[in-house]
Amino acid sequence: MEFLDRETRRQLGFDEVWSKIAPVSSLGRARMRRATPFTSEQYSDLEAEYDRLQRMADDLSKNPKIADDLGFLLRSAKDISGSLKRSMEGAILDDIEFYEVKKLLGLVEKINFELEKLGWTTLLPKSLDQCSECREALSLGQGSYDSFYIADAYNPKLAQIRARRVNLESTLASYRELVDRKLIQAVGRLLSMDGEITLSTVDTAAVAKLEAMHELYKVQEKQNFVTFKLIEGEQMRRTREELEGVRSDEESCKEEVRTELTLVVGEFAPRLRSVLETLEFLDFALAKAKFAAKIGGVKPILSEDSRIRIQGGRHLIVEEEVKRGGQDYTPLSLEVLPGVTLITGPNMGGKTATLKTLGLLTAMAQYGLLVPAHSMEFRPRKFIRAHLATAEIPKGLSSFAGEVVFLRDVIVRSSEDGLVLVDEIAHGTNPVEGAAMAQAVLEYLHGQQMITAVTTHFPSLAGIRGLRHLRVKGLDREKLRQLGVDSLQRHMDYTLEVVLDGQEDMQTSDAAIVAEALGLNSQIVNRARELANVL
Amino acid sequence: MEGGASPVLIKEILDQGLRSVSIIGMGKNTGKTFSFNQLLMEAGQIGIRVALTTIGLDGEEKDQLFYHDKPRITLRPGQMVANAKSLLLESGLDYEILGSTGIMTPLGEVILARALSAGKTVLAGPSTGHELALVKEQFEEYGMDLFLIDGAIDRRSLSAPMVTDTTILAVGAEVSWDTQILLEKIQHKVEILTLPSWNNEVVASHLRAEVLRDDVKLVALASTGPQGQLTHGDLLHNLDRLEGLLNEHTDTVFVQGMLTDEVLAKILACKPHRASFTLLITDPNCVFLGKRALQRLQSNTVELRVLDSIHVSAVTVNPFNSRYGIADPLRLLRDVGQAVYPIPTYDLNLGIRYRPEKEAFNGIS
């Protein structure tokens, strides 16, 4: 069973929270896509990850510019693994690939410098290898660390060939320049790129001047214009032919250099690969730390026992929505143990949000993230599964049937360290039978290793002996009476309190009050009150 | 008319302090690439540091690639180029790789390089104005005196002028063999390209900062500031809201995005209760109006203004028509020159610039 399935991720809001972590490079983004949760066997790795993020997040909170500086460098880090693979498979790399390797090593130097300044070098699993010999090899004779050029220094033959080429080019160019000078004198014009010059036939004097120039011949003559072209004599033609040959020699010579340089890159490929791994690790870690600093995340404590304790936990998405609505958000504090925890309370009392917060924070902690809470204690779970009101029911099933399928699948794993969250258990069927079904399920799950947290409005479930029972404190009725029921949220106390055995009868869902506050016809509300009292 | 002593065009541009130039064509065979090469050659002649690129690959260039036609741009040693990776590698030039851009084209990433030998190459570059701006910014780090963009011939082409200080428009007899139609088309094009900018810089910067980001389609402005705005859906389906928005205080109506005949008709139907007003748009790219619509604006005494204007420093004329042959170059130059006056007009092939004072076109100075 995977740790989180698609449905649970969605319902908990994990995907939405996860998407707020934003590595700046394609390397970091690739690392993030490969991220997996830590398992219960990876205690020390998880501990190290928390320590690392805590340190980075603390530094970022003090000086947010760090993220900009490092991010600026990381953003231009390119994934060169394709070139590395090619270099080891016998292909010859091209100049742009050499440039990218060289540029990456330049970045590594700068990033290393920043990391040293911050004292962050020890935070990386491996130090960033600068591969200096490789960088030197790619910089030979170039006088610049920032560009790439197959310089003469790579091969003495290349220097000779180039000198010859430049010589031949300038012979051709000076012939053109000579003609251009004559043309400027004669008609104030230059040859075009193609070595041509066109004149209007109206300008007979100019045409006559060009006709007299032995370096030009008429290539086209029309009624309105005449075009002359540069004559390249025997000597120029030979020069051009030789130039073609020299250029081809130059290319072969450069290809020899590329072959040698590819061998160098191939030799360094394993080290360069490790550089890429470290860069992607750094970019992803920086993104997580930036996120942690933004949400005020804290380091979870890994406990020995199986409890999950959260103090002041915040579900980031719910918090955002509540605050957007101009309300105060109440952080969640609760403790759940292996077996069943029952959560009861009035409608709109935040029971669903409690389940979501518990699930989200556990999932975040297990993905190695700092969590939005005052404190959190837990130990890695094998899996998390949620069945909330927003659950997507498999095609062809009723909501009750969908829930049964969900319960069927988690019950077989109930001896494991899982976390299961069920909202309004068995509410989708006849209430009497539903309550009976729910009770049977909870009786079975209680005493199991799996942590199951369940919300319900069935009064009978509160009577199950030995269950951990948490209740939302609920509406302050006294205040409501005085001030009116204009805003439910304002009078709702979302705090959870532990209900001890024998106090279960105090449970109420405050259905009539909520309905009244939301403006349901008062005749109906009053009648409902009468009926409830009779029951 | 006068024959200009080369280099003519480049000098005129540099003398005005302009440091980046795009060349756009009104259609195929208007000599856009000839003009581009001419400018490049002139730049080489006076020894300035040039960086160049092109916007995408237009249809004409694609054909040439597929049919292995001759390379189009001739580089001199020292000139910098932003070109698609595969074209750069195939060019056979000796070059130094200066940088990569992360901008992808069908022919590979756009790479910045400095030519170290002379030679010809086909160019393929970024395809959006934003990417062109990035390339320009990167080139600036290497020190350049002039940035040249070989613009395309479709609508995309207008994003190049938005990035450069000035633009050269290449026109030719290929657009229409009928001189009357040709001149009307050129005038219409030039009229849109040279739409004047709006003079209220304070409100302009407000619009740039606040409005341009959102889904706002129209903003009504009075001398006191913005009066209200409409979304795209509102404008098309809710004429009442538009009527309610425009009142006697409205002196300017800003339309974001395309200004089409349909949008214009709606605005004119709810015309503010003022004799005249200013119709403001983002830039000339947004104008999708025919000649008649433009005339309608003038007769309604509506001033059309842009937030970001385009500077046109020259029009080049090519007498070639693929079907009918070659028009009389001097006559065509004179006609176009008069039609777009005072924008300098050249036949670069003949090396002649149109001068209004020399009506008799046999007078070549």
# chains A, B, ... in the order shown; residues from 1 in each chain; ligands from 1
>>> closest_atom_pairs(of="chain A", to="chain B", cutoff="6 Å", atoms="only C-alpha atoms", output="tab-separated table")
residue	atom	partner	partner_atom	distance
A:Ser147	CA	B:Leu98	CA	4.7
A:Phe148	CA	B:Ile97	CA	5.1
A:Tyr149	CA	B:Glu96	CA	4.6
A:Gly188	CA	B:Ala5	CA	4.2
A:Arg189	CA	B:Ser6	CA	5.0
A:Thr198	CA	B:Leu350	CA	5.3
A:Leu199	CA	B:Leu350	CA	5.1
>>> write_last_selection(atoms="N, CA, C and O atoms", output="PDB file, in the first residue's frame")
ATOM      1  N   SER A 147      32.886  31.802 -21.556  1.00  0.00           N
ATOM      2  CA  SER A 147      32.457  31.409 -22.894  1.00  0.00           C
ATOM      3  C   SER A 147      33.238  30.173 -23.299  1.00  0.00           C
ATOM      4  O   SER A 147      34.112  29.722 -22.561  1.00  0.00           O
ATOM      5  N   PHE A 148      32.901  29.606 -24.447  1.00  0.00           N
ATOM      6  CA  PHE A 148      33.672  28.458 -24.903  1.00  0.00           C
ATOM      7  C   PHE A 148      34.072  28.643 -26.359  1.00  0.00           C
ATOM      8  O   PHE A 148      33.285  29.069 -27.189  1.00  0.00           O
ATOM      9  N   TYR A 149      35.331  28.295 -26.618  1.00  0.00           N
ATOM     10  CA  TYR A 149      35.862  28.441 -27.963  1.00  0.00           C
ATOM     11  C   TYR A 149      36.954  27.402 -28.142  1.00  0.00           C
ATOM     12  O   TYR A 149      37.753  27.165 -27.227  1.00  0.00           O
ATOM     13  N   GLY A 188      29.829  56.493 -55.186  1.00  0.00           N
ATOM     14  CA  GLY A 188      29.435  56.667 -53.780  1.00  0.00           C
ATOM     15  C   GLY A 188      28.692  55.468 -53.223  1.00  0.00           C
ATOM     16  O   GLY A 188      27.843  55.618 -52.349  1.00  0.00           O
ATOM     17  N   ARG A 189      28.987  54.280 -53.743  1.00  0.00           N
ATOM     18  CA  ARG A 189      28.261  53.086 -53.291  1.00  0.00           C
ATOM     19  C   ARG A 189      29.221  51.951 -52.948  1.00  0.00           C
ATOM     20  O   ARG A 189      30.402  52.016 -53.275  1.00  0.00           O
ATOM     21  N   THR A 198      23.705  47.529 -58.277  1.00  0.00           N
ATOM     22  CA  THR A 198      22.691  47.815 -59.288  1.00  0.00           C
ATOM     23  C   THR A 198      22.543  49.331 -59.435  1.00  0.00           C
ATOM     24  O   THR A 198      22.526  50.052 -58.436  1.00  0.00           O
ATOM     25  N   LEU A 199      22.448  49.774 -60.672  1.00  0.00           N
ATOM     26  CA  LEU A 199      22.285  51.209 -60.918  1.00  0.00           C
ATOM     27  C   LEU A 199      21.050  51.443 -61.756  1.00  0.00           C
ATOM     28  O   LEU A 199      20.650  50.595 -62.561  1.00  0.00           O
TER      29      LEU A 199
END
>>> select_by_dssp(residues="range 58-275 of chain A", states="strand (DSSP E or B)", output="list in words")
Phe148, Glu196, Ile197, Thr198, Leu199, Ser200, Leu216, Tyr217, Lys218, Val219, Gln220, Glu221, Phe225, Val226, Thr227, Phe228, Lys229 and Leu230 of chain A
>>> write_last_selection(atoms="N, CA and C atoms", output="PDB file, in the first residue's frame")
ATOM      1  N   PHE A 148      32.901  29.606 -24.447  1.00  0.00           N
ATOM      2  CA  PHE A 148      33.672  28.458 -24.903  1.00  0.00           C
ATOM      3  C   PHE A 148      34.072  28.643 -26.359  1.00  0.00           C
ATOM      4  N   GLU A 196      27.345  42.420 -55.589  1.00  0.00           N
ATOM      5  CA  GLU A 196      26.698  43.036 -56.743  1.00  0.00           C
ATOM      6  C   GLU A 196      26.442  44.514 -56.494  1.00  0.00           C
ATOM      7  N   ILE A 197      26.220  45.244 -57.595  1.00  0.00           N
ATOM      8  CA  ILE A 197      25.792  46.628 -57.467  1.00  0.00           C
ATOM      9  C   ILE A 197      24.838  46.931 -58.623  1.00  0.00           C
ATOM     10  N   THR A 198      23.705  47.529 -58.277  1.00  0.00           N
ATOM     11  CA  THR A 198      22.691  47.815 -59.288  1.00  0.00           C
ATOM     12  C   THR A 198      22.543  49.331 -59.435  1.00  0.00           C
ATOM     13  N   LEU A 199      22.448  49.774 -60.672  1.00  0.00           N
ATOM     14  CA  LEU A 199      22.285  51.209 -60.918  1.00  0.00           C
ATOM     15  C   LEU A 199      21.050  51.443 -61.756  1.00  0.00           C
ATOM     16  N   SER A 200      20.479  52.624 -61.597  1.00  0.00           N
ATOM     17  CA  SER A 200      19.368  53.009 -62.467  1.00  0.00           C
ATOM     18  C   SER A 200      19.945  53.375 -63.825  1.00  0.00           C
ATOM     19  N   LEU A 216      34.438  44.524 -62.696  1.00  0.00           N
ATOM     20  CA  LEU A 216      33.000  44.240 -62.703  1.00  0.00           C
ATOM     21  C   LEU A 216      32.548  43.744 -64.070  1.00  0.00           C
ATOM     22  N   TYR A 217      31.479  42.959 -64.048  1.00  0.00           N
ATOM     23  CA  TYR A 217      30.832  42.620 -65.326  1.00  0.00           C
ATOM     24  C   TYR A 217      29.326  42.756 -65.152  1.00  0.00           C
ATOM     25  N   LYS A 218      28.642  42.950 -66.307  1.00  0.00           N
ATOM     26  CA  LYS A 218      27.182  43.130 -66.242  1.00  0.00           C
ATOM     27  C   LYS A 218      26.530  41.769 -66.074  1.00  0.00           C
ATOM     28  N   VAL A 219      25.736  41.625 -65.058  1.00  0.00           N
ATOM     29  CA  VAL A 219      25.103  40.328 -64.838  1.00  0.00           C
ATOM     30  C   VAL A 219      23.634  40.384 -65.243  1.00  0.00           C
ATOM     31  N   GLN A 220      23.074  41.597 -65.265  1.00  0.00           N
ATOM     32  CA  GLN A 220      21.660  41.748 -65.646  1.00  0.00           C
ATOM     33  C   GLN A 220      21.454  43.154 -66.185  1.00  0.00           C
ATOM     34  N   GLU A 221      20.733  43.265 -67.298  1.00  0.00           N
ATOM     35  CA  GLU A 221      20.477  44.597 -67.851  1.00  0.00           C
ATOM     36  C   GLU A 221      19.019  44.677 -68.241  1.00  0.00           C
ATOM     37  N   PHE A 225      17.187  49.360 -65.031  1.00  0.00           N
ATOM     38  CA  PHE A 225      18.379  49.228 -64.181  1.00  0.00           C
ATOM     39  C   PHE A 225      19.360  48.227 -64.776  1.00  0.00           C
ATOM     40  N   VAL A 226      20.555  48.307 -64.255  1.00  0.00           N
ATOM     41  CA  VAL A 226      21.579  47.381 -64.696  1.00  0.00           C
ATOM     42  C   VAL A 226      22.371  46.919 -63.461  1.00  0.00           C
ATOM     43  N   THR A 227      22.650  45.614 -63.418  1.00  0.00           N
ATOM     44  CA  THR A 227      23.363  45.061 -62.271  1.00  0.00           C
ATOM     45  C   THR A 227      24.754  44.577 -62.686  1.00  0.00           C
ATOM     46  N   PHE A 228      25.749  45.013 -61.933  1.00  0.00           N
ATOM     47  CA  PHE A 228      27.129  44.561 -62.163  1.00  0.00           C
ATOM     48  C   PHE A 228      27.524  43.613 -61.039  1.00  0.00           C
ATOM     49  N   LYS A 229      28.425  42.705 -61.376  1.00  0.00           N
ATOM     50  CA  LYS A 229      28.900  41.778 -60.341  1.00  0.00           C
ATOM     51  C   LYS A 229      30.421  41.779 -60.310  1.00  0.00           C
ATOM     52  N   LEU A 230      30.943  41.514 -59.155  1.00  0.00           N
ATOM     53  CA  LEU A 230      32.388  41.485 -58.966  1.00  0.00           C
ATOM     54  C   LEU A 230      32.998  40.306 -59.735  1.00  0.00           C
TER      55      LEU A 230
END
>>> closest_residue(among="B:Thr224, B:Ser22, B:Asn199, B:Thr105", to="Leu146 in chain B", atoms="only C-alpha atoms")
B:Ser22
>>> select_by_dssp(residues="range 271-421 of chain A", states="helix (DSSP H, G or I)", output="NGL selection string")
:A and (271-295 or 316-324 or 351-366 or 399-411)
>>> residues_around(residues="range 254-264 of chain B", least_positions_apart="5", cutoff="9 Å", atoms="only C-alpha atoms", output="ChimeraX atom specification")
/B:207,211-212,215-221,235-236,269,278-283,285-290,293,297
>>> write_last_selection(atoms="N, CA, C and O atoms", output="tab-separated table (two decimals), in the first residue's frame")
chain	number	residue	atom	x	y	z
B	207	LEU	N	-1.80	52.91	-15.85
B	207	LEU	CA	-2.43	51.87	-16.67
B	207	LEU	C	-1.47	50.70	-16.87
B	207	LEU	O	-1.86	49.54	-16.78
B	211	VAL	N	-3.48	48.06	-14.80
B	211	VAL	CA	-4.51	47.49	-15.66
B	211	VAL	C	-3.96	46.41	-16.57
B	211	VAL	O	-4.57	45.37	-16.76
B	212	LEU	N	-2.77	46.60	-17.09
B	212	LEU	CA	-2.28	45.70	-18.12
B	212	LEU	C	-2.20	44.26	-17.65
B	212	LEU	O	-2.20	43.34	-18.42
B	215	ASP	N	-7.66	41.21	-16.25
B	215	ASP	CA	-8.58	40.82	-17.31
B	215	ASP	C	-9.42	42.03	-17.75
B	215	ASP	O	-10.56	41.91	-18.13
B	216	VAL	N	-8.82	43.20	-17.67
B	216	VAL	CA	-9.57	44.41	-18.02
B	216	VAL	C	-9.53	44.63	-19.51
B	216	VAL	O	-8.51	44.48	-20.15
B	217	LYS	N	-10.68	44.96	-20.08
B	217	LYS	CA	-10.72	45.19	-21.52
B	217	LYS	C	-10.81	46.68	-21.82
B	217	LYS	O	-10.25	47.14	-22.81
B	218	LEU	N	-11.51	47.39	-20.98
B	218	LEU	CA	-11.74	48.80	-21.29
B	218	LEU	C	-11.75	49.64	-20.01
B	218	LEU	O	-12.28	49.21	-19.00
B	219	VAL	N	-11.10	50.80	-20.09
B	219	VAL	CA	-11.11	51.72	-18.96
B	219	VAL	C	-11.56	53.08	-19.45
B	219	VAL	O	-11.07	53.56	-20.47
B	220	ALA	N	-12.53	53.67	-18.76
B	220	ALA	CA	-12.95	55.03	-19.10
B	220	ALA	C	-12.18	56.00	-18.21
B	220	ALA	O	-12.09	55.79	-17.00
B	221	LEU	N	-11.62	57.03	-18.80
B	221	LEU	CA	-10.81	57.97	-18.04
B	221	LEU	C	-11.34	59.40	-18.22
B	221	LEU	O	-11.71	59.79	-19.32
B	235	LEU	N	-17.84	43.87	-22.22
B	235	LEU	CA	-17.82	44.73	-23.41
B	235	LEU	C	-18.60	44.09	-24.54
B	235	LEU	O	-19.34	44.76	-25.27
B	236	LEU	N	-18.46	42.77	-24.69
B	236	LEU	CA	-19.11	42.11	-25.82
B	236	LEU	C	-20.59	41.88	-25.57
B	236	LEU	O	-21.39	41.91	-26.50
B	269	ALA	N	-20.91	53.59	-30.71
B	269	ALA	CA	-22.36	53.58	-30.48
B	269	ALA	C	-22.69	54.23	-29.13
B	269	ALA	O	-23.73	54.85	-28.96
B	278	THR	N	-10.27	60.68	-26.90
B	278	THR	CA	-9.08	59.92	-27.29
B	278	THR	C	-9.34	58.44	-27.08
B	278	THR	O	-9.81	58.03	-26.03
B	279	LEU	N	-9.05	57.67	-28.10
B	279	LEU	CA	-9.15	56.23	-27.99
B	279	LEU	C	-7.72	55.71	-27.82
B	279	LEU	O	-6.88	55.88	-28.71
B	280	LEU	N	-7.47	55.12	-26.65
B	280	LEU	CA	-6.10	54.74	-26.32
B	280	LEU	C	-5.96	53.22	-26.35
B	280	LEU	O	-6.81	52.50	-25.82
B	281	ILE	N	-4.90	52.73	-26.99
B	281	ILE	CA	-4.65	51.28	-27.03
B	281	ILE	C	-3.21	51.02	-26.57
B	281	ILE	O	-2.42	51.95	-26.44
B	282	THR	N	-2.91	49.74	-26.33
B	282	THR	CA	-1.59	49.41	-25.78
B	282	THR	C	-0.46	49.76	-26.75
B	282	THR	O	0.46	50.49	-26.42
B	283	ASP	N	-0.53	49.20	-27.95
B	283	ASP	CA	0.50	49.49	-28.95
B	283	ASP	C	-0.06	49.20	-30.34
B	283	ASP	O	-1.15	48.64	-30.46
B	285	ASN	N	0.37	46.95	-32.36
B	285	ASN	CA	0.03	45.54	-32.59
B	285	ASN	C	-1.45	45.26	-32.40
B	285	ASN	O	-1.97	44.28	-32.89
B	286	CYS	N	-2.09	46.11	-31.58
B	286	CYS	CA	-3.47	45.84	-31.18
B	286	CYS	C	-4.48	46.28	-32.22
B	286	CYS	O	-5.66	46.00	-32.09
B	287	VAL	N	-4.03	47.01	-33.24
B	287	VAL	CA	-5.00	47.55	-34.20
B	287	VAL	C	-5.36	46.49	-35.24
B	287	VAL	O	-4.52	46.04	-36.00
B	288	PHE	N	-6.62	46.11	-35.23
B	288	PHE	CA	-7.12	45.17	-36.23
B	288	PHE	C	-8.24	45.87	-37.00
B	288	PHE	O	-9.33	45.35	-37.16
B	289	LEU	N	-7.96	47.10	-37.42
B	289	LEU	CA	-8.99	47.89	-38.08
B	289	LEU	C	-8.65	48.03	-39.56
B	289	LEU	O	-7.48	48.14	-39.92
B	290	GLY	N	-9.71	48.04	-40.38
B	290	GLY	CA	-9.51	48.28	-41.79
B	290	GLY	C	-9.37	49.78	-42.03
B	290	GLY	O	-9.50	50.60	-41.12
B	293	ALA	N	-12.49	51.85	-41.13
B	293	ALA	CA	-12.67	52.10	-39.69
B	293	ALA	C	-11.78	53.23	-39.23
B	293	ALA	O	-12.19	54.08	-38.43
B	297	LEU	N	-12.96	56.86	-37.61
B	297	LEU	CA	-12.45	57.48	-36.39
B	297	LEU	C	-12.17	58.95	-36.63
B	297	LEU	O	-12.56	59.81	-35.83
>>> residues_around(residues="Gly349 in chain A", least_positions_apart="5", cutoff="8 Å", atoms="only C-alpha atoms", output="list in words")
Val472, Gly474, Met492, Asp493 and Tyr494 of chain A
>>> write_last_selection(atoms="N, CA, C and O atoms", output="mmCIF file, in the first residue's frame")
data_model
loop_
_atom_site.group_PDB
_atom_site.id
_atom_site.type_symbol
_atom_site.label_atom_id
_atom_site.label_comp_id
_atom_site.auth_asym_id
_atom_site.auth_seq_id
_atom_site.Cartn_x
_atom_site.Cartn_y
_atom_site.Cartn_z
ATOM 1 N N VAL A 472 -15.542 18.907 20.331
ATOM 2 C CA VAL A 472 -15.358 20.336 20.072
ATOM 3 C C VAL A 472 -16.170 21.087 21.114
ATOM 4 O O VAL A 472 -17.340 20.758 21.335
ATOM 5 N N GLY A 474 -17.536 23.913 21.158
ATOM 6 C CA GLY A 474 -18.791 24.304 20.529
ATOM 7 C C GLY A 474 -19.251 25.701 20.833
ATOM 8 O O GLY A 474 -18.464 26.581 21.187
ATOM 9 N N MET A 492 -18.197 30.270 18.016
ATOM 10 C CA MET A 492 -17.820 28.863 18.067
ATOM 11 C C MET A 492 -16.449 28.728 18.719
ATOM 12 O O MET A 492 -15.506 29.399 18.338
ATOM 13 N N ASP A 493 -16.379 27.858 19.708
ATOM 14 C CA ASP A 493 -15.074 27.554 20.299
ATOM 15 C C ASP A 493 -14.620 26.224 19.700
ATOM 16 O O ASP A 493 -15.219 25.181 19.950
ATOM 17 N N TYR A 494 -13.598 26.309 18.855
ATOM 18 C CA TYR A 494 -13.169 25.122 18.104
ATOM 19 C C TYR A 494 -12.240 24.207 18.912
ATOM 20 O O TYR A 494 -11.771 23.199 18.423
#
>>> residues_around(residues="Lys62 in chain A", least_positions_apart="4", cutoff="12 Å", atoms="only C-alpha atoms", output="PDB file with N, CA and C atoms, in the first residue's frame")
ATOM      1  N   ARG A  55      17.793  24.699  10.111  1.00  0.00           N
ATOM      2  CA  ARG A  55      18.945  25.613  10.033  1.00  0.00           C
ATOM      3  C   ARG A  55      18.764  26.591   8.859  1.00  0.00           C
ATOM      4  N   MET A  56      18.408  26.034   7.694  1.00  0.00           N
ATOM      5  CA  MET A  56      18.259  26.881   6.505  1.00  0.00           C
ATOM      6  C   MET A  56      17.115  27.873   6.699  1.00  0.00           C
ATOM      7  N   ALA A  57      15.986  27.374   7.223  1.00  0.00           N
ATOM      8  CA  ALA A  57      14.812  28.243   7.402  1.00  0.00           C
ATOM      9  C   ALA A  57      15.117  29.371   8.398  1.00  0.00           C
ATOM     10  N   ASP A  58      15.858  29.039   9.458  1.00  0.00           N
ATOM     11  CA  ASP A  58      16.225  30.073  10.440  1.00  0.00           C
ATOM     12  C   ASP A  58      17.048  31.165   9.770  1.00  0.00           C
ATOM     13  N   ILE A  66      19.298  35.673   1.049  1.00  0.00           N
ATOM     14  CA  ILE A  66      20.063  34.446   0.767  1.00  0.00           C
ATOM     15  C   ILE A  66      19.389  33.644  -0.333  1.00  0.00           C
ATOM     16  N   ALA A  67      18.062  33.500  -0.189  1.00  0.00           N
ATOM     17  CA  ALA A  67      17.320  32.689  -1.154  1.00  0.00           C
ATOM     18  C   ALA A  67      17.413  33.305  -2.545  1.00  0.00           C
ATOM     19  N   LEU A 118      27.732  31.152   4.031  1.00  0.00           N
ATOM     20  CA  LEU A 118      26.596  30.889   4.919  1.00  0.00           C
ATOM     21  C   LEU A 118      26.901  29.811   5.951  1.00  0.00           C
ATOM     22  N   LYS A 290      12.575  27.617   2.216  1.00  0.00           N
ATOM     23  CA  LYS A 290      11.899  28.885   1.949  1.00  0.00           C
ATOM     24  C   LYS A 290      10.425  28.769   2.348  1.00  0.00           C
ATOM     25  N   ALA A 293      10.115  28.685   6.118  1.00  0.00           N
ATOM     26  CA  ALA A 293      10.260  30.021   6.708  1.00  0.00           C
ATOM     27  C   ALA A 293       8.973  30.810   6.529  1.00  0.00           C
ATOM     28  N   LYS A 294       8.334  30.620   5.365  1.00  0.00           N
ATOM     29  CA  LYS A 294       7.126  31.377   5.059  1.00  0.00           C
ATOM     30  C   LYS A 294       5.957  30.957   5.950  1.00  0.00           C
TER      31      LYS A 294
END
>>> closest_residue(among="A:Phe400, A:Phe458, A:Phe268, A:Tyr329", to="Asp129 in chain A", atoms="only C-alpha atoms")
A:Phe268
>>> residues_around(residues="Pro270 in chain A", least_positions_apart="6", cutoff="10 Å", atoms="only C-alpha atoms", output="VMD selection string")
chain A and resid 84 to 85 88 276
>>> residues_around(residues="Pro346 in chain A", least_positions_apart="2", cutoff="10 Å", atoms="only C-alpha atoms", output="JSON, numbers by chain")
{"A": [344, 348, 349, 350, 351, 456, 457, 471, 472, 473, 474, 475, 492, 494, 507, 508, 509, 510, 511, 513, 514]}
>>> write_last_selection(atoms="C-alpha atoms", output="JSON list (two decimals), in the first residue's frame")
[["chain", "number", "residue", "atom", "x", "y", "z"],
["A", 344, "THR", "CA", -17.86, 14.81, 18.20],
["A", 348, "MET", "CA", -19.71, 23.75, 11.78],
["A", 349, "GLY", "CA", -17.53, 22.99, 14.78],
["A", 350, "GLY", "CA", -14.47, 22.16, 12.67],
["A", 351, "LYS", "CA", -14.53, 18.38, 13.00],
["A", 456, "THR", "CA", -19.77, 11.36, 14.03],
["A", 457, "HIS", "CA", -23.17, 12.72, 15.11],
["A", 471, "ARG", "CA", -15.34, 16.90, 21.67],
["A", 472, "VAL", "CA", -15.36, 20.34, 20.07],
["A", 473, "LYS", "CA", -16.27, 22.75, 22.86],
["A", 474, "GLY", "CA", -18.79, 24.30, 20.53],
["A", 475, "LEU", "CA", -21.14, 27.24, 20.77],
["A", 492, "MET", "CA", -17.82, 28.86, 18.07],
["A", 494, "TYR", "CA", -13.17, 25.12, 18.10],
["A", 507, "GLN", "CA", -23.03, 15.39, 23.52],
["A", 508, "THR", "CA", -25.15, 17.57, 21.26],
["A", 509, "SER", "CA", -24.86, 18.70, 17.68],
["A", 510, "ASP", "CA", -26.58, 22.05, 18.27],
["A", 511, "ALA", "CA", -28.48, 21.42, 15.04],
["A", 513, "ILE", "CA", -29.04, 26.65, 16.83],
["A", 514, "VAL", "CA", -27.00, 26.29, 13.67]]
>>> atom_distance(atom1="CA of Ser197 in chain B", atom2="CA of Ser309 in chain B")
5.3 Å
>>> closest_residue(among="B:Lys28, B:Leu39, B:Val171, B:Asn318", to="Glu12 in chain B", atoms="only C-alpha atoms")
B:Leu39
>>> atom_distance(atom1="CA of Val340 in chain A", atom2="CA of Ser398 in chain A")
25.3 Å
>>> decode(residues="range 402-429 of chain A", atoms="C-alpha atoms", output="CSV table (one decimal), in the first residue's frame")
chain,number,residue,atom,x,y,z
A,402,GLY,CA,-18.0,3.8,-1.4
A,403,GLU,CA,-17.4,4.1,2.3
A,404,VAL,CA,-17.7,0.4,2.9
A,405,VAL,CA,-15.1,-0.3,0.2
A,406,PHE,CA,-12.8,2.3,1.9
A,407,LEU,CA,-13.3,0.6,5.3
A,408,ARG,CA,-12.9,-2.9,3.9
A,409,ASP,CA,-9.4,-1.9,2.4
A,410,VAL,CA,-8.1,-0.2,5.6
A,411,ILE,CA,-9.4,-2.8,8.0
A,412,VAL,CA,-7.2,-5.5,6.5
A,413,ARG,CA,-4.2,-3.3,7.4
A,414,SER,CA,-5.3,-2.4,10.9
A,415,SER,CA,-2.5,-4.1,12.6
A,416,GLU,CA,0.0,-1.7,11.0
A,417,ASP,CA,1.1,1.8,11.9
A,418,GLY,CA,-1.4,3.5,9.6
A,419,LEU,CA,-3.4,6.7,10.1
A,420,VAL,CA,-7.1,6.5,8.9
A,421,LEU,CA,-9.4,9.4,8.9
A,422,VAL,CA,-13.2,8.9,8.5
A,423,ASP,CA,-15.6,11.8,8.4
A,424,GLU,CA,-19.2,11.2,9.5
A,425,ILE,CA,-18.9,7.4,9.7
A,426,ALA,CA,-21.8,5.5,8.1
A,427,HIS,CA,-24.0,8.5,7.8
A,428,GLY,CA,-25.0,7.6,4.3
A,429,THR,CA,-27.6,5.0,5.2
